[in-house]
>>> print(open('start09.cif').read())   # mmCIF, C-alpha atoms and all ligand atoms
data_final
#
loop_
_atom_site.label_atom_id
_atom_site.label_comp_id
_atom_site.auth_asym_id
_atom_site.auth_seq_id
_atom_site.Cartn_x
_atom_site.Cartn_y
_atom_site.Cartn_z
CA MET T 1 -58.29 2.51 -48.61
CA VAL T 2 -59.63 -0.93 -47.72
CA LYS T 3 -57.57 -2.36 -50.53
CA TRP T 4 -54.40 -0.75 -49.14
CA ALA T 5 -55.07 -1.99 -45.63
CA GLY T 6 -55.45 -5.56 -46.89
CA LYS T 7 -52.34 -5.33 -48.95
CA ASN T 8 -50.25 -3.90 -46.13
CA GLN T 9 -51.45 -6.57 -43.78
CA GLU T 10 -50.50 -9.23 -46.28
CA THR T 11 -47.10 -7.63 -46.77
CA LEU T 12 -46.57 -7.38 -43.04
CA LEU T 13 -47.50 -11.02 -42.54
CA CYS T 14 -45.16 -12.04 -45.31
CA PHE T 15 -42.26 -10.10 -43.86
CA LEU T 16 -42.95 -11.32 -40.35
CA ALA T 17 -42.82 -14.84 -41.66
CA VAL T 18 -39.62 -14.16 -43.55
CA THR T 19 -38.03 -12.49 -40.53
CA ILE T 20 -38.90 -15.21 -38.05
CA LEU T 21 -38.00 -17.98 -40.44
CA SER T 22 -34.73 -16.33 -41.31
CA SER T 23 -33.56 -16.44 -37.69
CA VAL T 24 -34.67 -20.03 -37.21
CA SER T 25 -33.36 -21.11 -40.57
CA PHE T 26 -30.00 -19.50 -40.00
CA LEU T 27 -29.57 -21.63 -36.90
CA LEU T 28 -30.62 -24.69 -38.88
CA PHE T 29 -28.16 -23.71 -41.55
CA LEU T 30 -25.31 -23.53 -39.05
CA ASP T 31 -26.39 -26.87 -37.73
CA PHE T 32 -26.30 -28.35 -41.24
CA LEU T 33 -23.01 -26.80 -42.18
CA ILE T 34 -21.07 -27.41 -39.01
CA LEU T 35 -22.47 -30.75 -37.94
CA GLY T 36 -23.07 -32.14 -41.45
CA GLY T 37 -25.12 -35.34 -41.45
CA ARG T 38 -25.75 -35.20 -37.72
CA GLY T 39 -27.13 -31.70 -38.13
CA GLY T 40 -29.57 -32.95 -40.75
CA THR T 41 -30.93 -35.40 -38.24
CA THR T 42 -31.31 -32.73 -35.60
CA VAL T 43 -33.31 -30.51 -37.94
CA VAL T 44 -35.71 -33.25 -38.73
CA GLU T 45 -35.92 -34.42 -35.12
CA SER T 46 -37.30 -31.04 -34.17
CA VAL T 47 -39.77 -31.13 -37.05
CA LYS T 48 -40.79 -34.60 -35.90
CA LEU T 49 -41.42 -33.30 -32.39
CA GLN T 50 -43.64 -30.55 -33.74
CA PHE T 51 -45.56 -33.10 -35.73
CA SER T 52 -46.03 -35.30 -32.68
CA SER T 53 -47.14 -32.51 -30.39
CA GLY T 54 -49.57 -31.19 -33.04
CA TRP T 55 -51.08 -34.63 -33.36
CA ILE T 56 -51.46 -35.09 -29.61
CA ALA T 57 -52.90 -31.61 -29.16
CA SER T 58 -55.54 -32.11 -31.83
CA THR T 59 -56.47 -35.58 -30.57
CA HIS T 60 -56.98 -34.23 -27.04
CA ALA T 61 -58.93 -31.24 -28.19
CA SER T 62 -61.30 -33.30 -30.28
CA THR T 63 -62.08 -35.81 -27.54
CA ALA T 64 -62.31 -33.39 -24.59
CA ALA T 65 -59.74 -35.29 -22.50
CA THR T 66 -61.35 -38.71 -22.94
CA THR T 67 -59.67 -41.72 -24.54
CA PRO T 68 -59.82 -41.44 -28.34
CA THR T 69 -62.15 -43.92 -29.95
CA VAL T 70 -60.89 -46.27 -32.65
CA ALA T 71 -62.76 -44.35 -35.35
CA GLU T 72 -61.06 -41.09 -34.35
CA SER T 73 -57.57 -42.55 -34.18
CA GLU T 74 -58.04 -43.95 -37.69
CA LYS T 75 -59.18 -40.61 -39.07
CA TYR T 76 -57.23 -39.59 -42.16
CA TYR T 77 -55.40 -36.28 -42.20
CA PRO T 78 -53.37 -34.86 -45.12
CA PHE T 79 -50.25 -35.52 -42.99
CA THR T 80 -51.24 -39.05 -41.93
CA ARG T 81 -48.70 -40.64 -44.29
CA ALA T 82 -45.96 -38.27 -43.10
CA LEU T 83 -46.68 -39.32 -39.50
CA ALA T 84 -46.73 -42.99 -40.48
CA SER T 85 -43.30 -42.63 -42.08
CA VAL T 86 -41.94 -41.44 -38.69
CA GLU T 87 -42.99 -44.78 -37.19
CA ASN T 88 -41.56 -46.85 -40.08
CA LYS T 89 -38.43 -48.29 -38.47
CA SER T 90 -37.27 -49.93 -41.72
CA ASP T 91 -37.10 -46.56 -43.46
CA PRO T 92 -33.87 -44.67 -42.59
CA CYS T 93 -35.52 -41.47 -43.88
CA GLY T 94 -38.75 -41.99 -41.93
CA GLY T 95 -39.75 -38.64 -40.41
CA LYS T 96 -36.84 -36.88 -42.13
CA TYR T 97 -38.19 -36.38 -45.64
CA ILE T 98 -38.08 -32.87 -47.03
CA TYR T 99 -40.03 -31.71 -50.05
CA VAL T 100 -38.52 -28.80 -52.00
CA HIS T 101 -40.89 -26.53 -53.90
CA ASP T 102 -40.03 -26.24 -57.57
CA LEU T 103 -40.33 -22.44 -57.66
CA PRO T 104 -40.28 -20.50 -60.93
CA SER T 105 -36.75 -19.22 -61.60
CA ARG T 106 -37.77 -15.59 -60.99
CA PHE T 107 -37.73 -16.42 -57.25
CA ASN T 108 -34.14 -17.65 -57.21
CA GLU T 109 -31.91 -18.36 -60.24
CA ASP T 110 -32.93 -15.23 -62.17
CA MET T 111 -31.68 -13.10 -59.27
CA LEU T 112 -28.23 -14.67 -59.68
CA LYS T 113 -28.22 -13.75 -63.38
CA GLU T 114 -28.81 -10.16 -62.28
CA CYS T 115 -26.11 -10.36 -59.62
CA ARG T 116 -24.84 -6.85 -60.39
CA SER T 117 -28.10 -5.37 -59.13
CA LEU T 118 -28.08 -7.29 -55.83
CA SER T 119 -26.04 -4.72 -53.94
CA LEU T 120 -25.39 -1.00 -54.36
CA TRP T 121 -21.84 -1.31 -53.07
CA THR T 122 -20.61 -4.79 -53.93
CA ASN T 123 -20.55 -6.66 -57.21
CA MET T 124 -22.10 -9.89 -55.96
CA CYS T 125 -21.32 -11.81 -59.17
CA ASP T 126 -18.04 -13.15 -57.78
CA PHE T 127 -19.62 -14.14 -54.50
CA THR T 128 -22.49 -16.17 -55.96
CA THR T 129 -20.01 -18.57 -57.63
CA ASN T 130 -19.03 -21.98 -56.20
CA GLY T 131 -22.52 -22.65 -54.91
CA GLY T 132 -22.51 -19.36 -52.99
CA LEU T 133 -19.18 -19.97 -51.24
CA GLY T 134 -17.47 -17.43 -53.51
CA PRO T 135 -14.05 -17.52 -55.17
CA PRO T 136 -11.25 -19.58 -53.59
CA LEU T 137 -9.34 -17.48 -51.08
CA ASP T 138 -6.07 -16.02 -52.31
CA ASN T 139 -3.44 -18.09 -50.57
CA ALA T 140 -0.25 -16.56 -51.98
CA GLU T 141 1.52 -16.71 -48.63
CA GLY T 142 0.42 -20.27 -47.90
CA VAL T 143 -1.25 -19.33 -44.60
CA PHE T 144 -4.30 -21.57 -45.19
CA SER T 145 -4.52 -25.22 -46.13
CA SER T 146 -4.58 -25.65 -49.91
CA THR T 147 -8.30 -26.52 -50.26
CA GLY T 148 -11.59 -25.58 -48.66
CA TRP T 149 -11.04 -21.85 -48.13
CA TYR T 150 -13.31 -19.36 -49.90
CA ALA T 151 -13.82 -15.61 -49.89
CA THR T 152 -17.46 -15.92 -48.82
CA ASN T 153 -19.76 -12.92 -48.65
CA GLN T 154 -21.94 -12.68 -45.54
CA PHE T 155 -25.11 -12.30 -47.63
CA THR T 156 -24.90 -15.45 -49.76
CA VAL T 157 -26.46 -17.81 -47.22
CA ASP T 158 -29.60 -18.10 -49.39
CA VAL T 159 -27.52 -19.72 -52.15
CA ILE T 160 -25.32 -21.82 -49.87
CA PHE T 161 -28.29 -23.26 -48.02
CA GLY T 162 -30.21 -23.88 -51.27
CA ASN T 163 -27.29 -25.88 -52.63
CA ARG T 164 -26.81 -27.76 -49.36
CA MET T 165 -30.47 -28.77 -49.50
CA LYS T 166 -29.91 -30.32 -52.94
CA GLN T 167 -27.45 -32.72 -51.26
CA TYR T 168 -29.78 -33.63 -48.41
CA GLU T 169 -30.10 -37.41 -48.31
CA CYS T 170 -33.83 -37.58 -47.56
CA LEU T 171 -35.38 -35.41 -50.27
CA THR T 172 -38.72 -36.58 -51.60
CA ARG T 173 -40.92 -35.72 -54.59
CA ASP T 174 -43.93 -37.03 -52.64
CA SER T 175 -44.96 -34.14 -50.41
CA ALA T 176 -47.46 -36.35 -48.54
CA ILE T 177 -44.62 -38.11 -46.69
CA ALA T 178 -42.53 -34.95 -46.10
CA ALA T 179 -41.86 -33.75 -42.54
CA ALA T 180 -41.10 -30.24 -43.84
CA VAL T 181 -41.27 -28.21 -47.01
CA PHE T 182 -38.38 -26.03 -48.19
CA VAL T 183 -39.07 -22.85 -50.17
CA PRO T 184 -35.94 -21.96 -52.20
CA PHE T 185 -36.80 -18.24 -52.43
CA TYR T 186 -33.76 -15.95 -52.21
CA ALA T 187 -35.50 -13.64 -49.75
CA GLY T 188 -32.25 -12.00 -48.67
CA PHE T 189 -31.32 -11.08 -52.24
CA ASP T 190 -34.84 -9.85 -52.92
CA VAL T 191 -34.75 -7.46 -49.98
CA ALA T 192 -31.19 -6.37 -50.82
CA ARG T 193 -31.88 -5.35 -54.40
CA TYR T 194 -34.64 -2.94 -53.30
CA LEU T 195 -33.15 -1.87 -49.96
CA TRP T 196 -33.33 1.85 -50.80
CA GLU T 197 -36.36 1.66 -53.11
CA GLN T 198 -39.08 4.15 -52.16
CA ASN T 199 -41.81 2.58 -54.31
CA VAL T 200 -43.60 0.07 -52.08
CA SER T 201 -45.13 -1.80 -55.05
CA THR T 202 -41.70 -2.42 -56.53
CA ARG T 203 -40.21 -3.39 -53.17
CA ASP T 204 -42.93 -5.89 -52.27
CA ALA T 205 -43.63 -7.31 -55.73
CA ALA T 206 -41.65 -10.56 -55.40
CA SER T 207 -42.87 -11.27 -51.83
CA LEU T 208 -46.51 -10.82 -52.81
CA ASP T 209 -45.93 -12.86 -55.95
CA LEU T 210 -44.45 -15.66 -53.81
CA VAL T 211 -47.36 -15.57 -51.34
CA GLU T 212 -49.78 -15.89 -54.24
CA TRP T 213 -47.82 -18.77 -55.79
CA LEU T 214 -47.35 -20.66 -52.51
CA THR T 215 -50.86 -20.35 -51.13
CA LYS T 216 -52.22 -22.00 -54.28
CA THR T 217 -50.15 -25.15 -53.81
CA PRO T 218 -51.66 -28.27 -52.20
CA GLU T 219 -48.63 -28.42 -49.85
CA TRP T 220 -49.56 -25.05 -48.34
CA THR T 221 -53.14 -26.04 -47.55
CA VAL T 222 -52.06 -29.01 -45.37
CA MET T 223 -50.90 -26.82 -42.47
CA GLY T 224 -51.33 -23.31 -43.78
CA GLY T 225 -47.58 -23.16 -44.39
CA LYS T 226 -46.54 -23.94 -40.80
CA ASP T 227 -44.35 -26.79 -42.05
CA HIS T 228 -42.63 -24.55 -44.65
CA PHE T 229 -39.24 -22.92 -44.14
CA LEU T 230 -36.90 -20.64 -46.07
CA VAL T 231 -33.58 -18.95 -45.54
CA ALA T 232 -32.78 -15.25 -45.73
CA GLY T 233 -29.22 -14.12 -45.12
CA ARG T 234 -29.91 -10.59 -43.92
CA ILE T 235 -30.34 -8.86 -40.58
CA THR T 236 -33.97 -8.45 -39.46
CA TRP T 237 -33.60 -4.66 -39.73
CA ASP T 238 -33.52 -4.98 -43.53
CA PHE T 239 -36.97 -6.58 -43.53
CA ARG T 240 -38.64 -3.83 -41.50
CA GLU T 241 -40.57 -1.25 -43.42
CA SER T 242 -43.19 1.46 -43.24
CA VAL T 243 -45.07 2.96 -46.13
CA GLY T 244 -43.29 5.87 -47.80
CA PHE T 245 -39.82 5.11 -46.48
CA GLY T 246 -37.18 2.68 -47.59
CA ILE T 247 -36.85 -0.58 -45.75
CA GLY T 248 -35.03 -0.06 -42.48
CA LEU T 249 -35.68 3.68 -42.50
CA GLY T 250 -39.19 3.58 -41.05
C1 LIG T 301 -41.40 -48.53 -44.75
O1 LIG T 301 -40.18 -48.20 -45.41
C2 LIG T 301 -39.76 -49.15 -46.35
C3 LIG T 301 -38.36 -48.72 -46.84
O2 LIG T 301 -38.39 -47.43 -47.39
C4 LIG T 301 -40.78 -49.26 -47.48
O3 LIG T 301 -40.36 -50.22 -48.43
C5 LIG T 301 -42.13 -49.64 -46.89
O4 LIG T 301 -43.12 -49.60 -47.90
C6 LIG T 301 -42.51 -48.67 -45.78
N1 LIG T 301 -43.72 -49.16 -45.11
C7 LIG T 301 -44.84 -48.44 -45.08
C8 LIG T 301 -45.96 -49.06 -44.33
O5 LIG T 301 -44.95 -47.34 -45.62
C1 LIG T 302 -44.45 2.27 -58.35
O1 LIG T 302 -44.13 1.27 -59.30
C2 LIG T 302 -45.24 0.78 -60.01
C3 LIG T 302 -44.81 -0.43 -60.82
O2 LIG T 302 -43.54 -0.24 -61.36
C4 LIG T 302 -45.84 1.89 -60.84
O3 LIG T 302 -46.95 1.41 -61.57
C5 LIG T 302 -46.27 3.03 -59.91
O4 LIG T 302 -46.73 4.12 -60.66
C6 LIG T 302 -45.09 3.46 -59.03
N1 LIG T 302 -45.60 4.39 -58.01
C7 LIG T 302 -45.02 5.56 -57.76
C8 LIG T 302 -45.64 6.35 -56.65
O5 LIG T 302 -44.05 5.95 -58.36
#
>>> encode(input="start09.cif", output="structure tokens", more="lines below")
Ligand SMILES: *[C@@H]1O[C@H](CO)[C@@H](O)[C@H](O)[C@H]1NC(C)=O
Ligand SMILES: *[C@@H]1O[C@H](CO)[C@@H](O)[C@H](O)[C@H]1NC(C)=O
Amino acid sequence: MVKWAGKNQETLLCFLAVTILSSVSFLLFLDFLILGGRGGTTVVESVKLQFSSGWIASTHASTAATTPTVAESEKYYPFTRALASVENKSDPCGGKYIYVHDLPSRFNEDMLKECRSLSLWTNMCDFTTNGGLGPPLDNAEGVFSSTGWYATNQFTVDVIFGNRMKQYECLTRDSAIAAAVFVPFYAGFDVARYLWEQNVSTRDAASLDLVEWLTKTPEWTVMGGKDHFLVAGRITWDFRESVGFGIGLG
């Protein structure tokens, strides 16, 4: 029984994280897509603010509202270099670097190979093409302009955002200078393929697998994952669950 309680708690935490992040990330995604380069800056500005406030809060807490001593202000944190890059005026990417986790393909690409199993009603294979934008829109009557129109499925945001991230101008392979860490897990597809699955172990397998993989990385230990984000293109209802019922039915 104890084992079950622990597992459920872990599952719940994981899904809470996914749910909250999906809402936030969807807004970020819109920002990226609609505002383009400017949106990218906005995303990282907000991350930068979080960094700054975290720094100030911890400095104040540790000195009980007195002026920090030199020794304390020089203290080294795992994110010290990331903070320093914010202040580096000669670096156009200072404070905007994003590190992308190199996840095993079972967390993303493999799901695309099994695109037929992603939805009970829709063959998603067409819609995962063109970087997730889907097939070009049929324009037989010439209603639309000749380029840039796609028959996009509402649930392919995971793929679209993942591909947009690959074009982000301030990616880094050095996670120590990153302002945020992107997790390219197709959480929306994962929940969709088991939406009506009654077996909890099957339903939660990939999420638990991801938690295990992520929590072992050095990037996770820096802030306990608070600087990580992912995108899930589903409604929050799909992520709710209770033991013994399908997701969304509990
Ligand atoms: C500031 O950024 C520039 C340009 O990327 C880099 O060459 C330099 O090493 C950075 N300075 C520090 C102190 O990290
Ligand atoms: C659920 O799935 C797992 C793994 O596929 C299996 O070992 C287990 O027996 C299943 N449980 C039930 C209640 O069917």
>>> residues_near_ligand(input="start09.cif", ligand="ligand LIG 302 (chain T)", cutoff="8 Å", atoms="all atoms listed in the file", output="ChimeraX atom specification")
/T:199-202
>>> closest_residue(input="start09.cif", among="T:Tyr76, T:Val231, T:Phe189, T:Val222", to="Lys113 in chain T", atoms="only C-alpha atoms")
T:Phe189
>>> residues_near_ligand(input="start09.cif", ligand="ligand LIG 301 (chain T)", cutoff="6 Å", atoms="all atoms listed in the file", output="number ranges by chain")
T: 88, 90-91
>>> residues_around(input="start09.cif", residues="range 121-128 of chain T", least_positions_apart="4", cutoff="8 Å", atoms="only C-alpha atoms", output="ChimeraX atom specification")
/T:112,115-117,132-135,151-153,156,159
>>> residues_near_point(input="start09.cif", point="(-49.7, -26.6, -41.1)", cutoff="10 Å", atoms="all atoms listed in the file", output="ChimeraX atom specification")
/T:51,54,78-79,180,219-228
>>> atom_distance(input="start09.cif", atom1="CA of Ser119 in chain T", atom2="CA of Asp102 in chain T")
25.9 Å
>>> atom_distance(input="start09.cif", atom1="CA of Asp238 in chain T", atom2="CA of Ala192 in chain T")
7.8 Å
>>> axis_aligned_box(input="start09.cif", around="range 144-154 of chain T", padding_each_side="5 Å", output="AutoDock Vina command-line options")
--center_x -13.1 --center_y -19.6 --center_z -47.7 --size_x 27.6 --size_y 23.8 --size_z 15.1
>>> closest_residue(input="start09.cif", among="T:Asp190, T:Ser85, T:Leu214, T:Val100", to="Thr172 in chain T", atoms="all atoms listed in the file")
T:Val100
>>> closest_residue(input="start09.cif", among="T:Glu241, T:Glu109, T:Asp158, T:Glu87", to="Gly188 in chain T", atoms="only C-alpha atoms")
T:Asp158
>>> atom_distance(input="start09.cif", atom1="CA of Ile235 in chain T", atom2="CA of Ile160 in chain T")
16.7 Å
>>> closest_residue(input="start09.cif", among="T:Tyr168, T:Trp149, T:Phe107, T:Tyr97", to="Val211 in chain T", atoms="all atoms listed in the file")
T:Phe107
>>> closest_residue(input="start09.cif", among="T:Pro136, T:Gly95, T:Gly131, T:Pro218", to="Gln167 in chain T", atoms="only C-alpha atoms")
T:Gly131
>>> closest_residue(input="start09.cif", among="T:Thr236, T:Ser146, T:Asn139, T:Ser175", to="Tyr99 in chain T", atoms="all atoms listed in the file")
T:Ser175
